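Scroll down for the structure; my scribbles are underneath it.
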Amino acid sequence: DTGRRGRLGNVSDLTADVLTSLFAVALVIGCAAAITVALSGVGVAMTEPDTTEHHTAVSSTLATYAWNITHSLPGPDIPQTLHWRPTHVFTGQISGALLIATKLAVAGFLIFPISRAVRVYVHATRPKPVLKALLSEAGEFANRLRMAQTALDEYHREAFPTISPVDDPATLKQLEPVLPSTSWRFTTARQTEAREAIEAVIGSLGQITTLFGSGELTSSADAAASALQGRYDQLYDARHPPIVRGRRLPLSSQKPVDVIRWREEAEDRIGAYLTAAAACVTTTTETLQHEISASNVIPGS
């Protein structure tokens, strides 16, 4: 699926890369040894002690190249640990140039799989986005919205006992305005529950913004919280007229259709948030599935 991944490879490709690099290293050393033996035959490349027989020249030259490559590797001194000493030494500029070129070629072939291995490790240990936590927070906020709306419904029933919060506005247009309940002088348990539920919604807006940024989900969450706060304020103001010149104004009649519309506006905003949350769940789930499928995928060279 290279078209979708771009420059990505599978972890299993690393094994193939390592084997390919080792084969290339062996091929480079073999070619370098063959060239050195050929040049030694015409007196261009030199070794000490001199190798005169062909079969001993090939084996000793390969061993000398292998020793020099192993000795130049970073980390522990492998030849010294194994008590391995070269039987021959390359002398002369041509032999030295061939040895340097061989070391550079080997280093190039070894760097490739090592860099891939580092990328494998970094990719495997890289912290993944906490997608499940994001989904959980989006769901928790939806629950808070519903709890606040339910608390406001109870507050509504207390303030306007003759108007059901779920009545159809079309059936209320012809009804006469009604006064709210006369128990406005007291802070009731229903009012307190509604206020605390809305405070919980507003208090969690910051977390939504932090997790999801300034996208559609956050804006719809803010609009839903504002609508709930507006409904609470309208219910509160209907039951608690303002005080003017030391005297509280009398209760004002409210049109039943307007009281229901306060709820409808909040319900619409909650519905908009749920739609945005559903879209976020779909997108986030796809991202989570991609993260899972990409857990064995690493950057290519």
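Residues are named by chain letter and number: chains run A, B, ... in the order of the structure tokens, numbers start at 1 in each chain, and ligands are numbered from 1 in the order shown.
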Quick one: everything within 6 Å of stretch 28-34 of chain A, counting only C-alpha atoms, minus sequence neighbours fewer than 2 positions away in the same chain. Send it as a list in words.
Val25, Ala26, Thr36, Val37, Thr61 and Leu62 of chain A
Run DSSP on the backbone and give me the residues of stretch 212-277 of chain A it puts in helix (DSSP H, G or I), as number ranges by chain.
A: 212, 216-239, 256-277
A:Ser21 environment, 12 Å, only C-alpha atoms, sequence neighbours closer than 6 positions dropped, as a PyMOL selection string
chain A and resi 14-15+27-28+105-114+116
